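Novice: Got a file for you: protein_13.cif, mmCIF, C-alpha atoms.
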```cif
data_structure
#
loop_
_atom_site.label_atom_id
_atom_site.label_comp_id
_atom_site.auth_asym_id
_atom_site.auth_seq_id
_atom_site.Cartn_x
_atom_site.Cartn_y
_atom_site.Cartn_z
CA MET A 69 36.38 2.11 7.22
CA ASP A 70 38.62 3.40 4.42
CA LYS A 71 39.99 1.34 1.57
CA LYS A 72 43.46 0.99 3.13
CA ARG A 73 42.05 -0.53 6.30
CA CYS A 74 39.79 -2.81 4.29
CA ILE A 75 42.69 -4.15 2.23
CA GLU A 76 44.71 -4.69 5.41
CA LEU A 77 41.90 -6.77 6.90
CA ILE A 78 41.49 -8.76 3.69
CA LYS A 79 45.22 -9.57 3.55
CA LYS A 80 45.55 -10.28 7.25
CA HIS A 81 42.63 -12.71 7.32
CA ILE A 82 43.21 -14.08 3.80
CA ILE A 83 39.75 -13.15 2.57
CA LEU A 84 38.74 -13.88 -1.02
CA PRO A 85 35.48 -12.06 -1.86
CA THR A 86 32.90 -14.66 -2.90
CA HIS A 87 31.21 -13.81 -6.19
CA SER A 88 28.31 -16.20 -5.55
CA LEU A 89 27.46 -14.24 -2.39
CA GLY A 90 27.66 -10.92 -4.20
CA GLN A 91 30.47 -9.70 -1.95
CA ASN A 92 31.60 -6.18 -2.74
CA PHE A 93 32.83 -4.65 0.52
CA LEU A 94 32.04 -1.01 1.23
CA VAL A 95 35.35 0.83 1.68
CA ASP A 96 34.27 4.47 1.45
CA GLU A 97 33.85 5.87 4.94
CA GLU A 98 32.04 8.99 3.73
CA ALA A 99 29.55 6.85 1.81
CA ALA A 100 29.10 4.63 4.86
CA ARG A 101 28.30 7.64 7.04
CA ASP A 102 25.84 8.94 4.44
CA ILE A 103 24.03 5.59 4.50
CA VAL A 104 23.88 5.53 8.29
CA GLN A 105 22.68 9.13 8.37
CA ALA A 106 19.90 8.21 5.93
CA ALA A 107 18.70 5.57 8.39
CA GLY A 108 18.13 8.21 11.07
CA ILE A 109 19.51 6.08 13.89
CA THR A 110 19.12 7.39 17.45
CA SER A 111 20.59 6.25 20.76
CA ASN A 112 17.30 4.49 21.55
CA ASP A 113 17.25 2.36 18.42
CA ALA A 114 17.92 -1.33 17.91
CA VAL A 115 19.29 -1.95 14.41
CA LEU A 116 19.28 -5.08 12.28
CA GLU A 117 22.06 -5.22 9.69
CA ILE A 118 21.90 -7.93 7.04
CA GLY A 119 25.27 -8.75 5.48
CA SER A 120 27.78 -7.00 7.72
CA GLY A 121 30.82 -7.93 5.62
CA LEU A 122 33.93 -6.39 7.19
CA GLY A 123 31.87 -4.08 9.41
CA ALA A 124 32.18 -0.73 7.63
CA LEU A 125 28.56 0.18 8.37
CA THR A 126 28.35 -1.81 11.58
CA GLU A 127 30.99 0.14 13.47
CA ILE A 128 29.41 3.49 12.54
CA MET A 129 25.92 2.30 13.48
CA ALA A 130 27.26 1.02 16.79
CA GLU A 131 28.43 4.56 17.56
CA GLN A 132 24.85 5.79 17.32
CA ALA A 133 22.49 2.93 18.13
CA ARG A 134 21.54 1.34 21.41
CA PHE A 135 22.11 -2.11 19.94
CA VAL A 136 23.05 -3.68 16.57
CA ASN A 137 22.30 -7.23 15.47
CA ALA A 138 24.85 -7.89 12.71
CA VAL A 139 23.89 -10.86 10.52
CA GLU A 140 26.58 -12.28 8.25
CA ILE A 141 26.24 -15.52 6.30
CA ASP A 142 29.96 -16.00 5.51
CA ASN A 143 31.91 -17.44 8.43
CA HIS A 144 35.18 -16.66 6.62
CA LEU A 145 34.58 -12.99 7.46
CA LEU A 146 34.01 -13.44 11.18
CA ASP A 147 37.57 -12.87 12.38
CA ALA A 148 37.86 -9.64 10.40
CA LEU A 149 34.40 -8.53 11.52
CA ARG A 150 35.21 -9.23 15.16
CA GLU A 151 38.44 -7.26 14.82
CA THR A 152 36.54 -4.27 13.41
CA LEU A 153 34.05 -4.41 16.29
CA LEU A 154 36.50 -5.37 19.01
CA ASP A 155 35.60 -2.51 21.37
CA ARG A 156 31.88 -2.46 20.64
CA GLN A 157 29.84 -4.02 23.42
CA ASN A 158 26.48 -3.17 21.85
CA VAL A 159 26.86 -5.42 18.78
CA LYS A 160 25.85 -9.06 18.45
CA ILE A 161 27.30 -10.92 15.47
CA ILE A 162 25.03 -13.64 14.11
CA CYS A 163 26.66 -15.94 11.55
CA GLN A 164 23.64 -17.37 9.75
CA ASP A 165 21.60 -17.07 6.59
CA PHE A 166 19.09 -14.31 7.28
CA LEU A 167 16.46 -16.09 5.20
CA LYS A 168 16.56 -18.96 7.71
CA LEU A 169 16.38 -16.77 10.81
CA SER A 170 13.21 -16.24 12.79
CA LYS A 171 12.39 -12.78 14.06
CA LYS A 172 12.45 -13.79 17.70
CA SER A 173 15.95 -15.22 17.37
CA ILE A 174 17.51 -11.80 16.80
CA PHE A 175 15.59 -9.60 19.19
CA ASP A 176 17.61 -7.65 21.69
CA ALA A 177 16.42 -7.16 25.26
CA SER A 178 13.79 -4.63 24.19
CA GLY A 179 12.04 -7.16 21.97
CA LYS A 180 11.92 -4.78 19.01
CA THR A 181 13.90 -3.84 15.91
CA ASP A 182 13.60 -0.19 14.91
CA ILE A 183 15.77 0.06 11.79
CA VAL A 184 17.06 -2.32 9.10
CA VAL A 185 20.17 -1.55 7.04
CA SER A 186 21.66 -3.76 4.35
CA ASN A 187 23.86 -3.87 1.26
CA LEU A 188 21.78 -6.34 -0.76
CA PRO A 189 23.24 -8.48 -3.56
CA TYR A 190 21.01 -8.63 -6.64
CA TYR A 191 20.33 -12.36 -6.43
CA VAL A 192 18.89 -12.25 -2.92
CA MET A 193 17.30 -8.79 -2.85
CA THR A 194 13.71 -9.87 -3.46
CA PRO A 195 13.49 -12.76 -0.96
CA ILE A 196 15.14 -10.69 1.79
CA MET A 197 12.89 -7.68 1.24
CA MET A 198 9.77 -9.85 1.09
CA LYS A 199 10.74 -11.58 4.33
CA LEU A 200 11.25 -8.20 5.98
CA PHE A 201 7.91 -6.84 4.77
CA ARG A 202 6.17 -9.95 6.03
CA GLU A 203 7.87 -10.45 9.40
CA TRP A 204 9.37 -7.05 10.25
CA ASP A 205 6.37 -4.90 9.33
CA ASP A 206 6.76 -2.88 12.54
CA VAL A 207 10.25 -1.58 11.67
CA ARG A 208 10.34 2.21 11.40
CA THR A 209 12.86 2.59 8.56
CA MET A 210 14.70 0.33 6.12
CA VAL A 211 17.73 1.51 4.14
CA PHE A 212 19.23 -0.63 1.40
CA THR A 213 22.11 -0.40 -1.03
CA VAL A 214 21.06 -2.19 -4.23
CA GLU A 215 22.01 -2.44 -7.87
CA ALA A 216 20.40 0.41 -9.78
CA ALA A 217 18.91 -2.03 -12.29
CA ALA A 218 17.05 -3.79 -9.50
CA CYS A 219 15.11 -0.65 -8.64
CA ASP A 220 12.66 -1.36 -11.45
CA ARG A 221 11.18 -4.19 -9.39
CA VAL A 222 10.72 -1.89 -6.40
CA PHE A 223 9.53 1.35 -7.99
CA SER A 224 7.47 0.08 -10.95
CA ASN A 225 3.86 1.18 -11.32
CA PRO A 226 0.82 -0.96 -12.24
CA GLY A 227 0.89 -2.00 -15.88
CA SER A 228 4.68 -2.22 -16.09
CA LYS A 229 6.39 -5.49 -16.95
CA HIS A 230 8.50 -5.11 -13.79
CA TYR A 231 5.48 -4.55 -11.54
CA GLY A 232 5.01 -7.48 -9.17
CA PRO A 233 4.93 -8.65 -5.55
CA LEU A 234 7.96 -6.57 -4.55
CA SER A 235 6.48 -3.39 -6.04
CA ILE A 236 3.21 -4.02 -4.23
CA MET A 237 4.59 -4.92 -0.81
CA SER A 238 7.12 -2.10 -0.77
CA SER A 239 4.33 0.36 -1.62
CA LEU A 240 2.14 -1.01 1.16
CA PHE A 241 5.01 -0.86 3.66
CA GLY A 242 5.20 2.90 3.24
CA THR A 243 7.04 5.72 1.51
CA LYS A 244 9.90 4.60 -0.74
CA GLU A 245 12.57 6.78 -2.28
CA ILE A 246 15.88 6.63 -4.12
CA LEU A 247 18.33 8.71 -2.09
CA PHE A 248 21.68 8.76 -3.91
CA GLU A 249 24.08 6.83 -6.11
CA LEU A 250 27.33 5.25 -4.98
CA ASP A 251 30.46 5.24 -7.11
CA SER A 252 31.78 1.76 -7.91
CA LYS A 253 35.07 2.85 -6.30
CA SER A 254 33.22 2.89 -2.97
CA PHE A 255 33.45 -0.91 -3.00
CA HIS A 256 36.16 -3.56 -3.07
CA PRO A 257 36.24 -5.24 -5.43
CA ALA A 258 34.59 -2.55 -7.55
CA PRO A 259 31.35 -3.88 -9.09
CA HIS A 260 30.59 -3.55 -12.79
CA THR A 261 27.12 -2.20 -12.01
CA GLN A 262 25.82 1.05 -10.55
CA SER A 263 24.62 1.03 -6.94
CA VAL A 264 21.99 3.23 -5.32
CA VAL A 265 20.79 3.74 -1.76
CA ILE A 266 17.04 3.50 -1.22
CA ARG A 267 14.88 4.04 1.85
CA PHE A 268 11.50 2.77 3.00
CA THR A 269 9.62 4.61 5.76
CA ASN A 270 6.83 2.71 7.48
CA SER A 271 3.23 3.88 7.15
CA CYS A 272 1.95 0.92 9.23
CA VAL A 273 -0.40 -0.37 6.48
CA LEU A 274 1.14 -3.85 6.42
CA GLN A 275 0.79 -4.18 10.18
CA SER A 276 -2.99 -4.17 9.82
CA ALA A 277 -3.11 -6.10 6.55
CA PRO A 278 -4.73 -9.57 6.58
CA SER A 279 -2.47 -12.61 6.68
CA ALA A 280 -3.87 -13.73 3.33
CA LEU A 281 -2.25 -10.77 1.56
CA PHE A 282 1.18 -12.28 0.88
CA PRO A 283 0.01 -15.66 -0.48
CA LEU A 284 -2.68 -13.86 -2.48
CA VAL A 285 -0.22 -11.53 -4.22
CA ASN A 286 2.23 -14.36 -4.90
CA ALA A 287 -0.56 -16.49 -6.35
CA ALA A 288 -1.79 -13.64 -8.56
CA PHE A 289 1.65 -13.24 -10.16
CA SER A 290 2.53 -16.93 -10.32
CA GLN A 291 0.97 -17.06 -13.79
CA ARG A 292 1.07 -13.44 -14.83
CA ARG A 293 0.10 -14.14 -18.44
CA LYS A 294 -3.25 -15.44 -17.23
CA THR A 295 -6.14 -13.36 -15.96
CA LEU A 296 -6.45 -12.78 -12.24
CA LEU A 297 -9.54 -15.01 -12.28
CA ASN A 298 -7.62 -17.99 -13.66
CA SER A 299 -4.50 -17.46 -11.53
CA LEU A 300 -6.43 -17.26 -8.27
CA SER A 301 -8.83 -20.08 -9.16
CA THR A 302 -6.00 -22.64 -9.14
CA SER A 303 -4.08 -21.13 -6.21
CA GLY A 304 -5.67 -23.24 -3.48
CA LEU A 305 -6.65 -20.10 -1.56
CA PHE A 306 -10.29 -20.35 -2.62
CA PRO A 307 -11.97 -23.61 -1.53
CA ASP A 308 -14.77 -23.23 -4.10
CA GLY A 309 -12.34 -22.44 -6.90
CA LYS A 310 -13.34 -20.37 -9.89
CA LYS A 311 -16.90 -19.74 -8.74
CA GLN A 312 -15.73 -18.18 -5.49
CA VAL A 313 -13.15 -16.01 -7.25
CA GLU A 314 -15.75 -14.83 -9.78
CA GLU A 315 -18.14 -13.84 -7.00
CA LEU A 316 -15.43 -12.02 -5.08
CA LEU A 317 -14.21 -10.05 -8.11
CA GLU A 318 -17.76 -9.11 -8.98
CA GLN A 319 -18.44 -8.00 -5.41
CA LEU A 320 -15.35 -5.77 -5.51
CA GLN A 321 -16.23 -4.50 -9.00
CA ILE A 322 -13.04 -5.86 -10.55
CA ASP A 323 -13.33 -7.00 -14.15
CA ARG A 324 -12.93 -10.79 -14.52
CA ASN A 325 -10.45 -10.25 -17.37
CA THR A 326 -8.12 -8.12 -15.27
CA ARG A 327 -4.51 -9.31 -15.00
CA ALA A 328 -2.40 -9.22 -11.86
CA GLU A 329 -0.23 -6.29 -12.97
CA GLN A 330 -3.28 -4.06 -13.50
CA LEU A 331 -4.35 -3.88 -9.84
CA ILE A 332 -3.01 -1.22 -7.49
CA PRO A 333 -1.65 -2.38 -4.09
CA ASP A 334 -4.75 -1.29 -2.15
CA GLU A 335 -6.94 -3.51 -4.32
CA TYR A 336 -4.96 -6.56 -3.22
CA VAL A 337 -5.58 -5.57 0.40
CA ARG A 338 -9.32 -5.36 -0.35
CA ILE A 339 -9.34 -8.83 -1.92
CA ALA A 340 -7.38 -10.30 0.99
CA ARG A 341 -9.76 -8.80 3.54
CA GLU A 342 -12.76 -10.23 1.76
CA LEU A 343 -11.02 -13.58 1.40
CA ILE A 344 -10.52 -14.09 5.15
CA GLN A 345 -14.18 -13.30 5.77
CA LYS A 346 -15.37 -16.07 3.49
#
```
How does this structure look as structure tokens?
Specialist:
Amino acid sequence: MDKKRCIELIKKHIILPTHSLGQNFLVDEEAARDIVQAAGITSNDAVLEIGSGLGALTEIMAEQARFVNAVEIDNHLLDALRETLLDRQNVKIICQDFLKLSKKSIFDASGKTDIVVSNLPYYVMTPIMMKLFREWDDVRTMVFTVEAAACDRVFSNPGSKHYGPLSIMSSLFGTKEILFELDSKSFHPAPHTQSVVIRFTNSCVLQSAPSALFPLVNAAFSQRRKTLLNSLSTSGLFPDGKKQVEELLEQLQIDRNTRAEQLIPDEYVRIARELIQK
């Protein structure tokens, strides 16, 4: 979808981009095709798109995928989106908040989602990614367009002030990489921030991770100024409180004065595995 067509749709359907929803519509067809190419979509794949907007990515993905579930929270965009996808029989438009959707509600007939693609607004990036890592841990590839500044939370290493649950879970999901930048002119309206396209490729670690992993990591960083011992002792995850946490850290040879940001992702998996055996 080029900029001219985008503007025509916006005028025809009287669309006012909503700032609170982080709406900056992709209007650069070459950029859209680069993003879809990065996802590696094949004719056998079922794709989940979060935030379809006017359908710039959706229509290209529909050319290549077996099926596309297009989730869009803003019902004011539906007429324009339906017009873009008028001749596409392999697309299902779902007008709901993705954060309130269950996985089973957006399966296609195959019962599986292979690829996730999304242009993620800054304010909702973390909750959407965390939901995906928790519930869609069997997805092969995820490709996101995000604000460049937000990448710190994804790519930070242990010890960094930006290192946290998102850094840990994205690392455990698999390989993560920054692919390329997008010019602000690729969007309408043009954002004031720089955007980048990033990709996660599944290594299947999260699929075998214990269910206690997510609440454990969130509890560890809920009071990041405190030691791991103190944060976990009051988390409710350990019935015997501080004594149990002390014994577990000692068993795993983790110093009791360690803070949450000092542990590598695999160490959280080790703690979670021991926790469910207690």
Novice: How many Å separate CA of Pro333 in chain A from CA of His230 in chain A?
Specialist: 14.3 Å
Novice: Could you spell out the hits of the PyMOL selection byres ((chain A and resi 315-329) around 7) on the shown file, as a VMD selection string?
Specialist: chain A and resid 226 to 227 231 to 232 288 to 289 292 294 to 297 311 to 314 330 to 331
Novice: What is the CA of Leu300 in chain A to CA of Leu284 in chain A distance in Å?
Specialist: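 Taking CA of Leu300 in chain A as the start and CA of Leu284 in chain A as the end point, the length is 7.7 Å.
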Novice: Quote the spacing between CA of Arg73 in chain A and CA of Glu151 in chain A in Å to one decimal place.
Specialist: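 Between CA of Arg73 in chain A and CA of Glu151 in chain A the gap is 11.4 Å.
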Novice: Mind listing as a list in words all residues within 9 Å of (1.1, -0.9, 9.7), counting all atoms listed in the file?
Specialist: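 It turns out the residues near that spot are Asp205, Asp206, Leu240, Phe241, Gly242, Asn270, Ser271, Cys272, Val273, Leu274, Gln275, Ser276 and Ala277 of chain A.
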Novice: Could you write out as JSON the box around range 230-234 of chain A (axis-aligned, all atoms listed in the file, 6 Å on each side), with centre and edge lengths in Å to one decimal?
Specialist:
```
{"center_x": 6.7, "center_y": -6.6, "center_z": -9.2, "size_x": 15.6, "size_y": 16.1, "size_z": 21.2}
```
Novice: Considering all atoms listed in the file, return as a ChimeraX atom specification whatever protein or nucleic-acid residues lie within 10 Å of Ala124 in chain A, sequence-local ones (same chain, fewer than 3 positions apart) excluded.
Specialist: /A:69-70,73-74,93-97,99-101,120-121,127-129,149,152-153
Novice: Name the closest residue to Ile78 in chain A among the candidates A:His256, A:Ala106, A:Val222, A:Thr194; distances are taken between atoms, counting all atoms listed in the file.
Specialist: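 For Ile78 in chain A, the nearest of the candidates is A:His256.
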Novice: Could you tell me which of A:Ile118, A:Leu146, A:Ala217, A:Leu281 comes closest to Leu169 in chain A if we count only C-alpha atoms?
Specialist: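 Checking each of A:Ile118, A:Leu146, A:Ala217, A:Leu281 against Leu169 in chain A, counting only C-alpha atoms, the winner is A:Ile118.
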Novice: Could you tell me which of A:Arg202, A:Met237, A:Arg208, A:Leu188 comes closest to Ile332 in chain A if we count only C-alpha atoms?
Specialist: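 Checking each candidate against Ile332 in chain A, we get A:Met237 as the closest.
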Novice: Using the chain letters and numbers from this file, what does the PyMOL selection byres ((chain A and resi 156) around 12) select? Give the answer as a count of residues only.
Specialist: 26
Novice: Considering all atoms listed in the file, can you say which of A:Ser263, A:Asn187, A:Ser252, A:Asn92 comes closest to Glu117 in chain A?
Specialist: A:Asn187
Novice: Neighbouring residues of Phe223 in chain A were defined as those with any atom within 9 Å, considering only C-alpha atoms; residues of the same chain fewer than 4 positions away were excluded. Please report them as a ChimeraX atom specification.
Specialist: /A:219,230-231,234-235,238-239,244-245
Novice: With all atoms listed in the file as the counted atoms, please give the residues lying no more than 10 Å from Gln91 in chain A, apart from itself and same-chain residues fewer than 4 positions off, as a list in words.
Specialist: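 My list of contacting residues is Leu84, Pro85, Thr86, His87, Gly119, Gly121, Asp142, Asn187, Leu188, Pro189, Phe255, His256, Pro257, Ala258 and Pro259 of chain A.
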Novice: Counting all atoms listed in the file, which residue out of A:Trp204, A:Phe166, A:Tyr336, A:Phe268 sits closest to Gly108 in chain A?
Specialist: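 Residue with the minimum atom-to-atom distance to Gly108 in chain A: A:Phe268.
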Novice: When the PyMOL selection byres ((chain A and resi 141) around 6) is applied to the structure above, which residues does it catch, written out as a PDB file with C-alpha atoms, keeping the file's coordinate frame?
Specialist:
```
ATOM      1  CA  GLU A 140      26.580 -12.280   8.250  1.00  0.00           C
ATOM      2  CA  ASP A 142      29.960 -16.000   5.510  1.00  0.00           C
ATOM      3  CA  CYS A 163      26.660 -15.940  11.550  1.00  0.00           C
ATOM      4  CA  GLN A 164      23.640 -17.370   9.750  1.00  0.00           C
ATOM      5  CA  ASP A 165      21.600 -17.070   6.590  1.00  0.00           C
TER       6      ASP A 165
END
```
